[in-house]
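*Asks:* Handing you a structure now.
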Amino acid sequence: MPKWFIRAAVVCTVMFALSPFVIANADYESTMGLVQKIFYYHMPSAWMFLVSGIVCGVASVRFLITGDPRHDRTAWAAAEMAVIFGVVTLVTGPLWARRAWGTFWVWDARTTSSLVQWMVAWAYLILRRYGGPGSDKLAAGLALFGVANVGFIYISVNYWRTIHPATSVVPKLPFTMGFPLWYCVASFTLLFVLLLKMRIRLEEQRATLDSLYLSLDEQH
Amino acid sequence: MIRLAWLILRKDLTVEVRSGEIAYTTLFFAVTCVLVFAFALVREGRPPEDGAAGILWIAIAFAGNLALGRAFERERQAETLRALLLAPAPRPAVYLGKLFSIVVLLGGTEALLVPLIALLFQARMLAHPFWLTAILAAGTLGFAAVGTLFAAMLVRARSRDVLLPVLLYPITVPVIIAGVRGTAALLQPEFEGGVVRFWFALLIAFDAVFLTLSLWTFEAVMTD
């Protein structure tokens with residue numbers, strides 16, 4: 001592990017440990033009260049969910065073009081991050097929506113495309129797990145299609161109606177609410193980078209071990 | 001390239017005409033599927049409102065999955081897939097030939113499904129035959145474009161039978177949404193031209209993007 005990893009892991013732990021206090025000190029939102037505070041975890045995890053999807057798609061395309069297994073390992077790790085941050089997003093979202101919109105689930109553009117993206121990430125992992133040899137390229141193809149798909153789902157559901165809060169809300173937040181939000185975004189980004197790094201390293205070591213076994217076989 | 005694709009299409013159709021394996025199983029399965037919906041949803045002779053479009057597309061998606069799986073399983077069992085890939089033909093031509101044979105098969109299935117659903121669910125399926133054909137053709141092409149690529153990729157994978165729907169359905173969600181919404185708009189008593197045109201345009205855009213991606217990916221994933 002690189003030196004910065006341990007330090008960053010400590011910083012990340014401290015930031016997450018402090019985050020409840022930072023969020024508790026934020027202003028109450030007048031109509032939703034306490035429930036609104038879910039938002040401080042929901043939005044950062046949704047962003048990281050989106051980032052993992054993009055990382056997975058870009059790495060997959062590069063893997064398809066170059067055939068370099070490093071990109072494949074990054075794509076795999078990012079797909080796992082997408083599933084994890086997707087769970088956080090899809091659990092916190094409905095809890096917030098119950099209060100804000102009066103119902104747990106609404107088929108609007110963003111919830112639907114998030115759900116489908118999450119399912120594609122699952123399909124990716126299922127393919128890696130049960131596809132057998134050669135599934136790395138198949139999975140890369142799937143990731144490419146999954147990324148291309150998001151826009152279509154978004155447009156198609158958007159044509160009905162959308163009640164998600166617009167992204168233009170965020171820059172206008174008062175400091176007392178904006179600071180906790182950006183604090184959480186920073187914590188989640190750090191967590192994402194650490195987990196991704198750790199997961200890629202695990203795959204790298206697995207690949208090294210495999211090549212060592214192979215060279216051992218050749219010697220005998 | 002078009003000629004090569006046509007040769008592969010003709011080969012597949014000849015095999016199909018002689019054995020009838022995929023055509024009969026797919027048709028029978030699609031009809032059974034519609035009957036299950038009829039038993040489940042039609043109460044006292046009254047079909048559910050707005051159900052016909054959804055049922056049509058579910059039957060197409062299920063039957064399509066079956067046909068796609070078989071189309072490549074047959075090539076694998078007869079060891080002809082290797083011959084097909086060894087032939088001095090560009091990979092995109094092989095893909096297109098396979099794609100068109102699936103589209104023709106599904107088109108045949110739809111030709112039977114549409115009157116059946118119109119009958120069982122008292123839907124005005126044939127009120128706008130031109131638009132219905134356009135939406136069905138565009139939707140089937142998009143579904144089959146993704147499906148042919150995935151089925152071809154999975155030929156050598158383990159547990160390919162279960163993996164095909166797992167990969168295919170999340171990716172084809174836009175086709176299903178646009179197909180169902182577009183068909184439902186056709187079934188309304190008043191024709192909503194703008195709505196139908198929007199969904200048709202979305203399907204065409206989906207077809208264009210995913211056909212291009214498939215042609216490119218097919219080359220990359222079928223190299224070894």
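We label chains A, B, ... in the order they appear in the structure tokens, count residues from 1 in each chain, and number ligands from 1 in the order shown.
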Using only C-alpha atoms, select each residue of chain B with any atom at most 8 Å away from an atom of chain A, and give the selection as a count of residues only.
*Replies:* 24
*Asks:* As a list in words, please: the residues near Leu132 in chain B (cut-off 12 Å, only C-alpha atoms, same-chain neighbours under 5 positions excluded).
*Replies:*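 Skipping anything fewer than 5 positions along the chain leaves Ala53, Leu56, Glu110, Ala111, Val114, Arg124, Met125, Leu126, Ala127, Ala137, Ala138, Gly139, Thr140, Gly179, Val180, Arg181, Gly182, Thr183, Ala184, Ala185, Leu186, Leu187, Val196, Arg197, Trp199 and Phe200 of chain B.
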*Asks:* What does the file look like for those residues with C-alpha atoms, as a CSV table (one decimal), in the first residue's frame?
*Replies:*
```
chain,number,residue,atom,x,y,z
B,53,ALA,CA,-49.7,-2.7,-24.9
B,56,LEU,CA,-47.7,-7.4,-26.1
B,110,GLU,CA,-45.6,-10.4,-33.6
B,111,ALA,CA,-47.8,-10.9,-36.7
B,114,VAL,CA,-51.1,-8.6,-32.4
B,124,ARG,CA,-58.0,-1.6,-31.0
B,125,MET,CA,-54.7,-2.9,-32.3
B,126,LEU,CA,-55.3,-2.4,-36.0
B,127,ALA,CA,-56.7,1.1,-35.8
B,137,ALA,CA,-40.3,-2.8,-36.2
B,138,ALA,CA,-38.2,-0.1,-34.5
B,139,GLY,CA,-38.6,-1.7,-31.1
B,140,THR,CA,-37.8,-5.2,-32.3
B,179,GLY,CA,-42.5,0.4,-27.1
B,180,VAL,CA,-45.2,0.1,-24.4
B,181,ARG,CA,-45.9,3.9,-24.2
B,182,GLY,CA,-46.0,4.3,-28.0
B,183,THR,CA,-48.3,1.3,-28.5
B,184,ALA,CA,-50.5,2.5,-25.6
B,185,ALA,CA,-50.9,5.9,-27.3
B,186,LEU,CA,-52.0,4.1,-30.5
B,187,LEU,CA,-54.7,2.3,-28.6
B,196,VAL,CA,-46.5,8.4,-30.9
B,197,ARG,CA,-43.9,10.3,-32.9
B,199,TRP,CA,-41.6,7.4,-28.8
B,200,PHE,CA,-40.9,6.4,-32.4
```
*Asks:* Would you mind listing what lies within 9 Å of Pro94 in chain A as a PDB file with C-alpha atoms, in the first residue's frame, with only C-alpha atoms counted and same-chain residues fewer than 4 positions away left out?
*Replies:*
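Dumped everything to selection.pdb:
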```pdb
ATOM      1  CA  THR A  89     -28.569   5.944  -2.440  1.00  0.00           C
ATOM      2  CA  LEU A  90     -31.549   3.679  -3.015  1.00  0.00           C
ATOM      3  CA  ARG A  98     -41.667   9.299   2.080  1.00  0.00           C
ATOM      4  CA  ARG A  99     -41.668  12.630   3.866  1.00  0.00           C
ATOM      5  CA  THR A 103     -44.559   8.073  -1.086  1.00  0.00           C
ATOM      6  CA  PHE A 104     -41.530   5.804  -0.929  1.00  0.00           C
ATOM      7  CA  TRP A 105     -41.003   5.329  -4.621  1.00  0.00           C
ATOM      8  CA  VAL A 106     -41.796   7.495  -7.617  1.00  0.00           C
TER       9      VAL A 106
END
```
*Asks:* I'd like to know which residues of range 52-188 of chain B are helix (DSSP H, G or I) (by DSSP, run on the backbone); could you write them as a PyMOL selection string?
*Replies:* chain B and resi 52-77+80-86+91-120+129-154+160-171+173-187
*Asks:* Taking 5 positions as the minimum chain separation for residues in the same chain, which residues sit within 12 Å of range 181-184 of chain A when counting only C-alpha atoms? Answer as a ChimeraX atom specification.
*Replies:* /A:12,15-27,36-48,170-171,173-176,189-191
*Asks:* Can you work out the spacing between CA of Ala205 in chain B and CA of Val175 in chain B in Å, to one decimal?
*Replies:*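 That distance, rounded to one decimal, is 10.5 Å.
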*Asks:* Please determine, counting only C-alpha atoms, which residue among B:Tyr95, B:Val162, B:Gly142, B:Gly108 has the shortest atom-to-atom distance to Glu219 in chain B.
*Replies:*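 Between B:Tyr95, B:Val162, B:Gly142, B:Gly108, the residue approaching Glu219 in chain B most closely is B:Tyr95.
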*Asks:* Mind giving me the straight-line distance from CA of Asp50 in chain B to CA of Thr26 in chain B in Å, one decimal?
*Replies:*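 Pair CA of Asp50 in chain B / CA of Thr26 in chain B returns 25.0 Å.
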*Asks:* Can you pull out every residue within 12 Å of Ala8 in chain A, counting only C-alpha atoms, but drop anything in the same chain fewer than 2 positions away, and send it as a PyMOL selection string?
*Replies:* chain A and resi 1-6+10-15+187+189-195+197
*Asks:* When you count only C-alpha atoms, which of these residues is closest to Thr80 in chain B: B:Leu99, B:Asp12, B:Arg18, B:Leu141?
*Replies:*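 So, comparing all the options, the nearest one is B:Asp12.
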*Asks:* Under the rule that only C-alpha atoms are counted, which of B:Arg91, B:Leu105, B:Leu86, B:Ala63 is the nearest residue to Leu13 in chain B?
*Replies:*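 Ranked by minimum distance to Leu13 in chain B, first place goes to B:Leu105.
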